[in-house]
Amino acid sequence: MAPVPAVPGPVATEPIAAVPVAAVRVPAAGLRHQARAAFVVWQRELIRFTKDRARMVSSLVQPVLFLFVLGVGLSSLVSAGNGAVDLKTFLFPGVLAISVLFTAAFSGISMVWDREFGFLREMLVAPVSTTAILTGKCVGGATVATLQSMVLLALAGFVGVPYSPVMMLTLVGLLFLMAFMITALGMLLAARITQVQSAMPMVQLIITPLMFLSGALFPLSGLPTWLAVLTHLNPMTYAVEPMRAVVFDHVQVDPATRATFDPGIVWNHWQVPVAVQVLLVVAFSVAFLAAAVARFARTE
Amino acid sequence: MSEVHLATTGSQAVPVPPPAVEVRGLVKRYADIEAVRGIDLDVAPGETFGFLGPNGAGKSTTIKILCTLVQATSGTARVAGWDVASQRHAVRRHIGLVFQEPTLDTYLTGEQNLRFHGELYGVDRAGAAARREEMLRMVGLWDRRGDDVQTYSGGMRRRLEIARGLLHSPKVLFLDEPTVGLDPQTRASIWEYIKNLHRSEDITVFVTTHYMDEAEHCDRIAIMNEGRIVALDTPDRLKAAVGKDRVQITTEDDRTAIRTLRERFDIEAAVREGVVSFAVIDGAAFIPRLVAELGVPIRSVAVHRPSLDDVFLAHTGSTIRDAETSGGRMDPMAVLARRR
């Protein structure tokens with residue numbers, strides 16, 4: 001998964017103990033120990049999230065605004081030409097992705113606070129690999145983001161998307177994967193940010209282009225070349241498209257309309273299959289996580 | 001206190017306990033400064049070992065090398081028998097760390113912080129809860145275990161960090177300036193906890209401080225200055241080696257008293273903070289002669305045994321405070337920490 005091995009090198013030979021100690025035993029580090037460490041880091045993310053009401057509310061409000069205000073406001077323009085698909089239906093997967101983007105980016109960047117308040121050091125001096133710590137953190141950020149997006153998923157019926165179990169489960173999986181990627185990206189950035197004050201502006205700086213250049217808010221068909229190039233370079237594009245494909249698979253729509261609203265991703269005349277898009281997101285996730293591990297392992 | 005040589009004196013085959021800390025020719029060079037300039041050190045198991053010196057003396061760098069956080073430029077160091085360079089994880093499993101800067105998650109409760117630590121260190125789950133309780137009780141935080149650390153005072157946070165550092169039953173507990181920034185009363189109570197540790201734990205304590213008075217609590221101390229160890233012994237022996245006591249007197253006529261001291265006793269005295277102050281061998285025995293022969297009425301007399309401040313002065317030629325303010329070299333790690 002990442003360049004740092006999960007199991008540390010040759011296990012040290014035990015020197016002769018001075019006195020037999022009747023205290024807790026700390027076993028040699030193995031895969032199980034690494035998993036436990038990752039698990040408790042994940043747990044901490046959940047505990048902290050449940051304690052942070054403001055964050056819970058704020059990261060929900062914005063996507064709901066996008067979905068209903070943008071959806072309703074712009075639909076008067078769009079429906080004039082094409083009434084086959086509600087704009088809100090089109091926006092639904094994009095807005096799901098945006099909500100995950102906000103929460104996950106924040107989770108990743110929160111490493112800056114962990115460092116500022118010293119807790120990062122407590123984690124990095126433990127006898128476990130940096131990979132285990134950062135993986136736990138990433139899965140934690142992804143879990144929190146996915147849990148939040150469930151509230152939006154529950155609103156599917158209001159925007160003309162059916163409550164199909166298969167679609168819902170697929171969406172949850174895709175959302176989780178995307179959240180993992182964004183959290184890893186956030187952590188990678190956090191490794192470079194040393195000032196708490198610059199963390200939030202930095203989050204804004206990455207969120208905005210990722211969001212606007214991803215096809216979350218407009219279809220990727222018929223874009224001018226410069227915009228098409230930028231969207232195709234954006235990792236988030238490959239996370240949004242599969243979600244839209246899944247939603248359109250479950251919505252009654254004629255092929256022509258679908259071709260307009262869900263044109264997929266085309267590389268130089270090659271229609272990129274959804275499976276390849278998903279694999280790309282996996283690859284991005286691993287690359288971001290590995291880079292973050294390398295950075296954090298070096299700084300401590 | 002147990003000594004390293006215990007094995008050679010025993011007739012049966014007593015296993016040789018490895019020194020808790022064993023340092024040979026340790027050097028740490030940064031781009032433009034040499035923070036540690038070749039130190040050798042042995043700390044026996046069970047000892048409370050004090051590491052003294054002004055900020056920038058190289059204490060923090062040394063402790064970071066011992067904790068595997070910084071790599072030495074040359075030389076070797078072993079902690080609890082493991083090499084800090086090649087067996088980092090083994091070292092980390094067997095040491096407890098309390099840093100100068102706080103490292104708690106203030107949004108978690110006291111007990112959650114300990115639980116997190118236990119999992120991170122792979123502490124056996126069977127005994128973990130009992131161990132948490134034992135540690136929390138030891139530092140007097142059991143009743144507050146369910147409160148967020150945000151609500152703890154500075155002293156409580158320090159105590160929680162000490163409890164956490166001990167949770168995985170380390171062989172060596174490193175405390176880097178554990179009392180910095182705390183009020184005198186809290187400082188005293190932290191030291192009570194540290195001293196009492198030996199009753200319940202089989203542990204070596206390695207503590208750095210730049211408060212000279214705190215070093216009195218240690219079995220042995222090393223004084224570090226400009227990257228070198230300039231003195232290493234028990235506090236009493238270090239003080240005895242300084243030899244002279246400090247005498248402070250107030251008189252009717254300080255200037256005459258100072259002149260008489262110089263002319264008749266060959267002693268250089270000076271007025272410091274309104275009192276005439278000088279150093280003399282065996283101050284208590286000197287007082288009767290002083291009173292009889294000074295020729296100036298004396299209002300008060302105070303004799304001080306040498307303090308560790310005097311020891312530091314004797315070995316470095318400056319007081320610890322002067323060494324810090326004029327001190328020149330900054331501790332590179334402190335600079336790094338601040339910059340982050």
# chains A, B, ... in the order shown; residues from 1 in each chain; ligands from 1

call {"tool": "closest_atom_pairs", "arguments": {"of": "chain B", "to": "chain A", "cutoff": "6 Å", "atoms": "only C-alpha atoms", "output": "tab-separated table"}}
result
residue	atom	partner	partner_atom	distance
B:Pro17	CA	A:Ala18	CA	4.7
B:His89	CA	A:Pro127	CA	4.8
B:Arg92	CA	A:Pro127	CA	5.3
B:Arg93	CA	A:Pro127	CA	5.7
B:Pro102	CA	A:Gly118	CA	5.9
B:Thr103	CA	A:Gly118	CA	4.1
B:Leu104	CA	A:Phe119	CA	5.5
B:Asp105	CA	A:Phe119	CA	5.9
B:Glu119	CA	A:Ala37	CA	5.8
B:Leu120	CA	A:Ala37	CA	4.6
B:Gly122	CA	A:His33	CA	5.6
B:Val123	CA	A:Val26	CA	4.9
B:Asp124	CA	A:Arg25	CA	5.8
B:Arg340	CA	A:Thr194	CA	5.0

call {"tool": "write_last_selection", "arguments": {"atoms": "C-alpha atoms", "output": "short mmCIF file (atom, residue, chain, number, x, y, z; two decimals), in the first residue's frame"}}
result
data_model
loop_
_atom_site.label_atom_id
_atom_site.label_comp_id
_atom_site.auth_asym_id
_atom_site.auth_seq_id
_atom_site.Cartn_x
_atom_site.Cartn_y
_atom_site.Cartn_z
CA PRO B 17 21.69 -5.83 33.90
CA HIS B 89 11.11 0.35 17.63
CA ARG B 92 10.53 3.09 21.73
CA ARG B 93 8.62 0.21 23.25
CA PRO B 102 2.35 19.27 25.79
CA THR B 103 1.34 16.34 23.58
CA LEU B 104 -2.17 15.57 24.81
CA ASP B 105 -5.37 15.59 22.78
CA GLU B 119 -3.33 0.81 21.88
CA LEU B 120 -0.59 2.67 20.07
CA GLY B 122 0.27 -2.45 21.80
CA VAL B 123 -0.28 -2.91 25.52
CA ASP B 124 -1.88 -6.25 26.34
CA ARG B 340 6.83 24.63 13.34
#

call {"tool": "select_by_dssp", "arguments": {"residues": "region 178-320 of chain B", "states": "helix (DSSP H, G or I)", "output": "ChimeraX atom specification"}}
result
/B:184-200,212-215,235-242,254-265,283-293,308-316,320

call {"tool": "residues_around", "arguments": {"residues": "Thr204 (chain B)", "least_positions_apart": "2", "cutoff": "10 Å", "atoms": "only C-alpha atoms", "output": "list in words"}}
result
Pro19, Ala20, Val21, Val43, Ala44, Pro45, Gly46, Glu47, Thr48, Phe49, Ala80, Ile95, Pro170, Lys171, Val172, Leu173, Phe174, Leu197, His198, Glu201, Asp202, Phe206 and Val207 of chain B

call {"tool": "closest_atom_pairs", "arguments": {"of": "region 105-216 of chain A", "to": "region 280-284 of chain A", "cutoff": "10 Å", "atoms": "only C-alpha atoms", "output": "JSON lines"}}
result
{"residue": "A:Leu174", "atom": "CA", "partner": "A:Val281", "partner_atom": "CA", "distance": 9.5}
{"residue": "A:Leu177", "atom": "CA", "partner": "A:Val282", "partner_atom": "CA", "distance": 7.2}
{"residue": "A:Met178", "atom": "CA", "partner": "A:Val281", "partner_atom": "CA", "distance": 7.0}
{"residue": "A:Phe180", "atom": "CA", "partner": "A:Val282", "partner_atom": "CA", "distance": 9.0}
{"residue": "A:Met181", "atom": "CA", "partner": "A:Phe284", "partner_atom": "CA", "distance": 6.6}
{"residue": "A:Ile182", "atom": "CA", "partner": "A:Phe284", "partner_atom": "CA", "distance": 9.3}
{"residue": "A:Ala184", "atom": "CA", "partner": "A:Phe284", "partner_atom": "CA", "distance": 9.1}
{"residue": "A:Leu185", "atom": "CA", "partner": "A:Phe284", "partner_atom": "CA", "distance": 8.9}

call {"tool": "atom_distance", "arguments": {"atom1": "CA of Asp32 (chain B)", "atom2": "CA of Gly53 (chain B)"}}
result
21.1 Å

call {"tool": "select_by_dssp", "arguments": {"residues": "region 161-337 of chain B", "states": "strand (DSSP E)", "output": "ChimeraX atom specification"}}
result
/B:172-176,204-209,220-225,228-233,244-251,270-272,275-281,298-304

call {"tool": "closest_residue", "arguments": {"among": "B:Ala163, B:Ala130, B:Leu308, B:Val16", "to": "Ala222 (chain B)", "atoms": "only C-alpha atoms"}}
result
B:Leu308

call {"tool": "closest_residue", "arguments": {"among": "B:Thr250, B:Ser307, B:Asn196, B:Ser153", "to": "Ala215 (chain B)", "atoms": "only C-alpha atoms"}}
result
B:Ser307

call {"tool": "closest_residue", "arguments": {"among": "B:Pro306, B:Pro235, B:Gly110, B:Gly295", "to": "Asp282 (chain B)", "atoms": "only C-alpha atoms"}}
result
B:Pro306
